[in-house]
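Okay, my_file-v6.pdb now, which holds PDB, C-alpha atoms:
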ATOM      1  CA  MET A  26       0.000   0.000   0.000
ATOM      2  CA  GLU A  27       1.466   3.352  -0.853
ATOM      3  CA  SER A  28       1.906   5.838   1.881
ATOM      4  CA  GLU A  29       2.128   9.584   1.992
ATOM      5  CA  GLY A  30       3.072   9.239   5.602
ATOM      6  CA  THR A  31       6.245  11.294   5.815
ATOM      7  CA  GLU A  32       4.442  13.500   8.294
ATOM      8  CA  SER A  33       3.374  10.594  10.454
ATOM      9  CA  PRO A  34       4.687  11.093  13.993
ATOM     10  CA  LEU A  35       5.393   7.413  14.494
ATOM     11  CA  SER A  36       7.440   6.730  11.398
ATOM     12  CA  GLY A  37       8.808   3.489  12.804
ATOM     13  CA  LEU A  38       5.484   1.784  12.298
ATOM     14  CA  VAL A  39       4.382  -0.012   9.181
ATOM     15  CA  PRO A  40       3.252   2.658   6.744
ATOM     16  CA  VAL A  41      -0.495   2.725   6.310
ATOM     17  CA  ALA A  42      -2.477   3.885   3.349
ATOM     18  CA  GLU A  43      -3.226   7.522   3.864
ATOM     19  CA  VAL A  44      -4.610   8.066   0.416
ATOM     20  CA  PHE A  45      -8.254   7.742  -0.396
ATOM     21  CA  ASN A  46      -9.386   5.187  -2.878
ATOM     22  CA  SER A  47     -11.899   7.426  -4.587
ATOM     23  CA  ILE A  48     -12.508  11.020  -5.466
ATOM     24  CA  ARG A  49     -15.840  10.747  -3.728
ATOM     25  CA  GLU A  50     -14.210   9.894  -0.401
ATOM     26  CA  ARG A  51     -11.700  12.634  -0.817
ATOM     27  CA  THR A  52     -14.400  15.227  -1.436
ATOM     28  CA  ILE A  53     -16.539  14.067   1.440
ATOM     29  CA  ALA A  54     -13.590  14.209   3.799
ATOM     30  CA  GLU A  55     -12.379  17.568   2.575
ATOM     31  CA  ASN A  56     -15.740  19.177   3.293
ATOM     32  CA  SER A  57     -16.242  17.910   6.817
ATOM     33  CA  MET A  58     -14.479  17.546  10.133
ATOM     34  CA  VAL A  59     -13.490  13.977   9.437
ATOM     35  CA  VAL A  60     -10.164  15.375   8.239
ATOM     36  CA  LEU A  61      -9.269  16.041  11.847
ATOM     37  CA  LEU A  62      -9.888  12.424  12.759
ATOM     38  CA  GLN A  63      -7.752  11.383   9.838
ATOM     39  CA  GLY A  64      -4.968  13.477  11.249
ATOM     40  CA  LEU A  65      -5.205  11.379  14.395
ATOM     41  CA  GLN A  66      -3.660   8.410  12.629
ATOM     42  CA  GLY A  67      -0.871   7.026  14.773
ATOM     43  CA  GLU A  68      -2.190   8.594  17.978
ATOM     44  CA  VAL A  69      -3.619   6.721  20.913
ATOM     45  CA  THR A  70      -7.149   7.898  21.597
ATOM     46  CA  THR A  71     -10.376   6.798  23.204
ATOM     47  CA  VAL A  72     -13.446   6.336  21.067
ATOM     48  CA  ASP A  73     -16.808   6.340  22.832
ATOM     49  CA  LEU A  74     -19.294   4.238  20.951
ATOM     50  CA  ARG A  75     -23.017   4.670  20.636
ATOM     51  CA  ASN A  76     -23.608   1.532  22.632
ATOM     52  CA  GLU A  77     -22.014   3.082  25.727
ATOM     53  CA  SER A  78     -18.809   1.094  25.366
ATOM     54  CA  THR A  79     -15.376   2.622  24.874
ATOM     55  CA  ALA A  80     -12.327   1.580  22.921
ATOM     56  CA  ARG A  81      -8.854   2.947  23.637
ATOM     57  CA  GLY A  82      -6.134   2.230  21.143
ATOM     58  CA  ARG A  83      -3.893   3.512  18.392
ATOM     59  CA  VAL A  84      -5.720   4.889  15.361
ATOM     60  CA  VAL A  85      -4.653   3.024  12.260
ATOM     61  CA  ASN A  86      -7.000   4.591   9.757
ATOM     62  CA  VAL A  87     -10.102   6.725   9.517
ATOM     63  CA  ASP A  88     -12.044   7.020   6.296
ATOM     64  CA  ALA A  89     -14.416   9.674   5.043
ATOM     65  CA  PHE A  90     -17.378   7.916   6.613
ATOM     66  CA  MET A  91     -15.727   7.998  10.040
ATOM     67  CA  ASN A  92     -15.128   4.233  10.026
ATOM     68  CA  ILE A  93     -12.204   3.839  12.417
ATOM     69  CA  ARG A  94      -9.646   1.094  12.623
ATOM     70  CA  LEU A  95      -7.802   0.814  15.932
ATOM     71  CA  GLU A  96      -4.964  -1.447  16.968
ATOM     72  CA  ASP A  97      -3.779  -2.697  20.332
ATOM     73  CA  VAL A  98      -7.114  -1.832  21.843
ATOM     74  CA  LEU A  99      -8.459  -1.877  25.359
ATOM     75  CA  TYR A 100     -12.189  -2.327  24.895
ATOM     76  CA  ARG A 101     -14.494  -1.638  27.816
ATOM     77  CA  ASP A 102     -18.053  -2.780  27.292
ATOM     78  CA  ARG A 103     -21.077  -1.085  28.806
ATOM     79  CA  ARG A 104     -20.810  -3.222  31.926
ATOM     80  CA  GLY A 105     -17.220  -2.170  32.453
ATOM     81  CA  LYS A 106     -15.671  -5.457  31.416
ATOM     82  CA  LEU A 107     -12.261  -4.990  29.832
ATOM     83  CA  THR A 108     -11.059  -6.896  26.806
ATOM     84  CA  ARG A 109      -7.781  -6.546  24.982
ATOM     85  CA  LEU A 110      -8.073  -6.639  21.194
ATOM     86  CA  GLN A 111      -5.384  -6.605  18.577
ATOM     87  CA  ASP A 112      -7.459  -4.986  15.891
ATOM     88  CA  LEU A 113     -10.843  -3.266  16.062
ATOM     89  CA  PHE A 114     -12.940  -1.822  13.277
ATOM     90  CA  ILE A 115     -15.662   0.613  14.299
ATOM     91  CA  THR A 116     -18.380   1.591  11.859
ATOM     92  CA  GLY A 117     -18.713   5.356  11.541
ATOM     93  CA  ARG A 118     -22.346   5.268  12.594
ATOM     94  CA  ASN A 119     -21.403   3.719  15.900
ATOM     95  CA  VAL A 120     -19.072   6.504  16.947
ATOM     96  CA  ARG A 121     -20.384   8.886  19.560
ATOM     97  CA  TYR A 122     -17.234  10.709  20.683
ATOM     98  CA  VAL A 123     -13.556  10.687  19.850
ATOM     99  CA  HIS A 124     -11.281  12.014  22.562
ATOM    100  CA  ILE A 125      -8.632  14.255  21.082
ATOM    101  CA  PRO A 126      -5.206  13.968  22.755
ATOM    102  CA  ASP A 127      -4.213  17.107  24.632
ATOM    103  CA  HIS A 128      -0.986  17.626  22.753
ATOM    104  CA  MET A 129      -2.609  17.848  19.361
ATOM    105  CA  ASP A 130      -2.572  21.063  17.394
ATOM    106  CA  ILE A 131      -5.959  20.892  15.755
ATOM    107  CA  MET A 132      -5.460  23.622  13.210
ATOM    108  CA  LYS A 133      -2.126  22.321  12.019
ATOM    109  CA  THR A 134      -3.541  18.826  11.703
ATOM    110  CA  ILE A 135      -6.498  19.965   9.635
ATOM    111  CA  GLN A 136      -4.223  22.080   7.452
ATOM    112  CA  SER A 137      -1.784  19.277   6.774
ATOM    113  CA  GLN A 138      -4.601  16.854   5.988
ATOM    114  CA  LEU A 139      -6.142  19.274   3.512
ATOM    115  CA  ALA A 140      -2.724  19.888   1.986
ATOM    116  CA  LYS A 141      -2.337  16.160   1.408
ATOM    117  CA  ILE A 142      -5.675  15.999  -0.334
ATOM    118  CA  HIS A 143      -4.835  18.912  -2.586
ATOM    119  CA  ARG A 144      -1.439  17.488  -3.395
ATOM    120  CA  VAL A 145      -3.010  14.289  -4.609
ATOM    121  CA  ARG A 146      -5.672  16.145  -6.514
ATOM    122  CA  ASN A 147      -3.146  18.356  -8.256
ATOM    123  CA  PHE A 148      -0.828  15.490  -8.995
ATOM    124  CA  ALA A 149      -2.748  14.465 -12.058
ATOM    125  CA  SER A 150      -2.829  17.934 -13.556
ATOM    126  CA  HIS A 151       0.822  18.727 -12.963
ATOM    127  CA  GLY A 152       2.512  19.285 -16.303
ATOM    128  CA  GLY A 153      -0.789  19.817 -18.079
ATOM    129  CA  GLY A 154      -1.928  16.202 -18.147
ATOM    130  CA  ARG A 155      -2.272  14.170 -21.271
ATOM    131  CA  LYS A 156      -1.293  15.835 -24.461
ATOM    132  CA  GLU A 157      -3.268  13.807 -26.961
ATOM    133  CA  TYR A 158      -5.645  16.646 -27.369
ATOM    134  CA  SER A 159      -5.235  20.306 -26.847
ATOM    135  CA  LYS A 160      -7.107  21.697 -23.907
ATOM    136  CA  LYS A 161      -7.008  25.205 -25.220
ATOM    137  CA  LYS A 162      -9.767  25.877 -27.680
TER     138      LYS A 162
ATOM    139  CA  MET G   2     -25.836  23.481  -0.086
ATOM    140  CA  LYS G   3     -22.415  24.848   0.699
ATOM    141  CA  SER G   4     -20.223  22.369   2.506
ATOM    142  CA  ARG G   5     -17.609  23.780   4.813
ATOM    143  CA  VAL G   6     -15.744  23.469   8.024
ATOM    144  CA  PHE G   7     -16.005  26.290  10.537
ATOM    145  CA  THR G   8     -13.326  26.881  13.077
ATOM    146  CA  ASP G   9     -12.268  29.650  15.402
ATOM    147  CA  LEU G  10      -8.620  28.674  15.522
ATOM    148  CA  ALA G  11      -6.435  31.506  14.455
ATOM    149  CA  THR G  12      -4.499  30.387  11.397
ATOM    150  CA  PRO G  13      -6.076  30.853   7.998
ATOM    151  CA  VAL G  14      -6.913  27.656   6.171
ATOM    152  CA  SER G  15      -8.239  27.282   2.690
ATOM    153  CA  VAL G  16     -10.459  24.329   2.028
ATOM    154  CA  LYS G  17     -10.497  24.770  -1.728
ATOM    155  CA  PRO G  18      -7.971  26.601  -3.900
ATOM    156  CA  HIS G  19     -10.432  29.276  -4.965
ATOM    157  CA  ASP G  20     -11.024  30.251  -1.364
ATOM    158  CA  ALA G  21      -7.500  31.611  -1.077
ATOM    159  CA  ASP G  22      -8.759  35.163  -1.298
ATOM    160  CA  SER G  23     -11.112  35.000   1.668
ATOM    161  CA  LYS G  24      -9.873  37.227   4.456
ATOM    162  CA  PRO G  25      -9.165  35.860   7.905
ATOM    163  CA  MET G  26     -10.991  37.698  10.649
ATOM    164  CA  ALA G  27      -9.673  38.842  13.994
ATOM    165  CA  ASP G  28     -10.061  35.701  16.009
ATOM    166  CA  GLU G  29     -12.275  33.697  13.722
ATOM    167  CA  VAL G  30     -11.533  32.196  10.350
ATOM    168  CA  GLU G  31     -14.155  31.179   7.840
ATOM    169  CA  GLN G  32     -13.288  28.696   5.185
ATOM    170  CA  GLN G  33     -15.877  29.716   2.669
ATOM    171  CA  PRO G  34     -16.505  32.870   0.592
ATOM    172  CA  SER G  35     -16.786  35.323   3.447
ATOM    173  CA  THR G  36     -20.259  36.438   4.307
ATOM    174  CA  ASN G  37     -21.232  38.116   7.554
ATOM    175  CA  THR G  38     -24.964  37.900   7.086
ATOM    176  CA  VAL G  39     -26.954  35.198   8.754
ATOM    177  CA  GLU G  40     -28.495  33.208   5.951
ATOM    178  CA  GLU G  41     -29.239  29.776   7.271
ATOM    179  CA  PRO G  42     -29.555  28.135  10.689
ATOM    180  CA  LEU G  43     -25.937  26.946  10.606
ATOM    181  CA  ASP G  44     -24.854  30.565  10.464
ATOM    182  CA  LEU G  45     -26.371  31.076  13.898
ATOM    183  CA  ILE G  46     -24.076  28.402  15.225
ATOM    184  CA  ARG G  47     -21.199  30.207  13.599
ATOM    185  CA  LEU G  48     -21.971  33.147  15.877
ATOM    186  CA  SER G  49     -21.245  30.880  18.841
ATOM    187  CA  LEU G  50     -17.754  29.874  17.761
ATOM    188  CA  ASP G  51     -15.275  30.106  20.631
ATOM    189  CA  GLU G  52     -18.163  30.611  23.027
ATOM    190  CA  ARG G  53     -19.399  28.228  25.624
ATOM    191  CA  ILE G  54     -22.457  26.366  24.399
ATOM    192  CA  TYR G  55     -24.945  23.830  25.580
ATOM    193  CA  VAL G  56     -25.523  20.799  23.387
ATOM    194  CA  LYS G  57     -28.388  18.423  23.960
ATOM    195  CA  MET G  58     -27.716  14.962  22.596
ATOM    196  CA  ARG G  59     -29.606  11.757  22.112
ATOM    197  CA  ASN G  60     -29.812   9.242  24.928
ATOM    198  CA  ASP G  61     -30.369  11.875  27.628
ATOM    199  CA  ARG G  62     -26.936  13.384  27.345
ATOM    200  CA  GLU G  63     -25.931  17.014  27.566
ATOM    201  CA  LEU G  64     -22.638  18.656  26.851
ATOM    202  CA  ARG G  65     -21.404  22.028  27.975
ATOM    203  CA  GLY G  66     -18.205  23.208  26.447
ATOM    204  CA  ARG G  67     -16.393  25.700  24.262
ATOM    205  CA  LEU G  68     -17.202  25.327  20.583
ATOM    206  CA  HIS G  69     -13.998  25.250  18.568
ATOM    207  CA  ALA G  70     -15.191  23.896  15.245
ATOM    208  CA  TYR G  71     -18.197  22.396  13.539
ATOM    209  CA  ASP G  72     -19.343  21.308  10.118
ATOM    210  CA  GLN G  73     -22.583  20.865   8.226
ATOM    211  CA  HIS G  74     -23.252  17.499   9.865
ATOM    212  CA  LEU G  75     -22.915  19.174  13.270
ATOM    213  CA  ASN G  76     -19.797  17.152  13.959
ATOM    214  CA  MET G  77     -18.217  19.398  16.592
ATOM    215  CA  ILE G  78     -14.998  19.911  18.427
ATOM    216  CA  LEU G  79     -15.656  21.014  21.983
ATOM    217  CA  GLY G  80     -13.035  22.059  24.492
ATOM    218  CA  ASP G  81     -13.265  21.856  28.302
ATOM    219  CA  VAL G  82     -16.456  19.901  28.023
ATOM    220  CA  GLU G  83     -18.619  18.570  30.792
ATOM    221  CA  GLU G  84     -20.871  15.674  29.806
ATOM    222  CA  THR G  85     -24.010  15.006  31.838
ATOM    223  CA  VAL G  86     -25.783  11.681  31.479
ATOM    224  CA  THR G  87     -29.219  11.556  33.081
ATOM    225  CA  THR G  88     -30.832   8.291  34.093
ATOM    226  CA  VAL G  89     -34.197   7.569  35.603
ATOM    227  CA  GLU G  90     -34.522   4.892  38.197
ATOM    228  CA  ILE G  91     -37.942   3.752  39.238
ATOM    229  CA  ASP G  92     -38.406   2.569  42.772
ATOM    230  CA  GLU G  93     -40.026  -0.835  42.642
ATOM    231  CA  GLU G  94     -42.316  -0.315  45.638
ATOM    232  CA  THR G  95     -43.313   3.303  45.517
ATOM    233  CA  TYR G  96     -42.981   3.685  41.735
ATOM    234  CA  GLU G  97     -41.188   6.889  42.438
ATOM    235  CA  GLU G  98     -38.985   8.241  39.650
ATOM    236  CA  LEU G  99     -35.466   9.008  40.807
ATOM    237  CA  TYR G 100     -33.413  11.127  38.394
ATOM    238  CA  LYS G 101     -29.703  10.571  38.588
ATOM    239  CA  SER G 102     -27.089  12.411  36.592
ATOM    240  CA  THR G 103     -23.481  11.439  36.031
ATOM    241  CA  LYS G 104     -20.958  14.038  34.972
ATOM    242  CA  ARG G 105     -17.515  13.773  33.552
ATOM    243  CA  ASN G 106     -14.999  16.256  32.179
ATOM    244  CA  ILE G 107     -13.056  15.865  28.974
ATOM    245  CA  PRO G 108     -10.431  18.387  27.802
ATOM    246  CA  MET G 109     -11.014  18.093  24.044
ATOM    247  CA  LEU G 110     -13.767  16.126  22.411
ATOM    248  CA  PHE G 111     -14.852  15.376  18.862
ATOM    249  CA  VAL G 112     -18.613  14.836  18.740
ATOM    250  CA  ARG G 113     -20.265  13.026  15.857
ATOM    251  CA  GLY G 114     -23.096  15.108  14.500
ATOM    252  CA  ASP G 115     -25.775  12.474  14.295
ATOM    253  CA  GLY G 116     -26.055  12.396  18.085
ATOM    254  CA  VAL G 117     -26.725  16.110  18.376
ATOM    255  CA  VAL G 118     -30.283  17.207  19.033
ATOM    256  CA  LEU G 119     -29.877  20.904  19.691
ATOM    257  CA  VAL G 120     -27.269  23.600  20.195
ATOM    258  CA  ALA G 121     -27.886  26.609  22.407
ATOM    259  CA  PRO G 122     -26.106  29.194  24.541
ATOM    260  CA  PRO G 123     -25.430  27.832  28.020
ATOM    261  CA  LEU G 124     -28.561  27.710  30.128
ATOM    262  CA  ARG G 125     -28.682  30.087  33.014
ATOM    263  CA  VAL G 126     -30.392  28.291  35.879
ATOM    264  CA  GLY G 127     -32.669  30.968  37.367
TER     265      GLY G 127
END
Take the structure in the file and give it back as structure tokens.
Amino acid sequence: MESEGTESPLSGLVPVAEVFNSIRERTIAENSMVVLLQGLQGEVTTVDLRNESTARGRVVNVDAFMNIRLEDVLYRDRRGKLTRLQDLFITGRNVRYVHIPDHMDIMKTIQSQLAKIHRVRNFASHGGGRKEYSKKK
Amino acid sequence: MKSRVFTDLATPVSVKPHDADSKPMADEVEQQPSTNTVEEPLDLIRLSLDERIYVKMRNDRELRGRLHAYDQHLNMILGDVEETVTTVEIDEETYEELYKSTKRNIPMLFVRGDGVVLVAPPLRVG
């Protein structure tokens, strides 16, 4: 999987896909606050779920629909019972809260996430694109 | 419908390249073609940026915190937030309703918009 993760704070980890697979996802993410959650990749956070349970672990990936993948998770169910999980996938609909770590600079994170999206978007048009036909009429 | 992210944090950000000419304001930045008029209900929330607000959520939850950012889904970033969960216990014998509330404090919280019921200035208990 290709990675744009040179800005990832934990560069010793296996690089994860930080690119979107579709233009649709990219546009959805760019126009909402999900970009902040995507900037959380690599951080350890707590996610409160809709079913009153909580999951604390390292964020592997967040997509435009707020689906979150966590690793090395401590999962506390609504009764308080703790379970350790290697890998947890949370559907976006089931998220109630995401705790943001204190040390995070929110503005910088959002800015760098948006910059990544624009870099990818402009990648295809760099150099004018395909030259089979003239774009100038 | 215009899609945008609203934030009060001080550095200018452009969501789309053609927004580069929008001017940052004193302590509030808008990431859309700048308009000061209140046009739609979301604009009223924009007036509360960096203010303390009261958010009523589903499942008998309430949040009081400082609104840092929000978007069109009402996903919000709240700082210094106090969450109140209210439960009703019914006494088996007397059938009396006992309202209990549990509070907790969280320094910085991202709230998913689909749980939000309403947003208001903090209630003044009179």
**Request:** Restrict the distance test to all atoms listed in the file, flag each residue of chain A within 12 Å of chain G, and return the flagged residues as a PyMOL selection string.
**Result:** chain A and resi 52-62+65+70-77+90-92+117-144+146-147
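Atom CA of G:Leu68 to atom CA of G:Leu119 spans 13.5 Å [interatomic distance, one decimal].
Shown here are all protein and nucleic acid residues lying within 6 Å of (-3.8, 1.3, 17.1), with only C-alpha atoms considered: Gly82, Arg83, Val84, Val85, Leu95, Glu96 and Asp97 of chain A.
The gap separating atom CA of A:Arg49 from atom CA of A:Phe148 is 16.6 Å, in Å to one decimal.
Among the candidates G:Glu98, G:Glu52, G:Asp44, G:Asp61, the one nearest to G:Val82 when counting only C-alpha atoms is G:Glu52.
Between atom CA of G:Asp81 and atom CA of G:Asn106 the separation is 7.0 Å.
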Show me, as AutoDock Vina command-line options, the centre and edge lengths in Å to one decimal of the axis-aligned box that covers every listed atom of stretch 35-52 of chain G with 4 Å on each side.
--center_x -22.4 --center_y 32.5 --center_z 13.2 --size_x 22.3 --size_y 19.2 --size_z 27.6
**Message:** For the provided coordinates, the residues matched by the PyMOL selection byres ((chain A and resi 101-109) around 8) should be stated as a PyMOL selection string.
**Reply:** chain A and resi 76-80+97-100+110-111
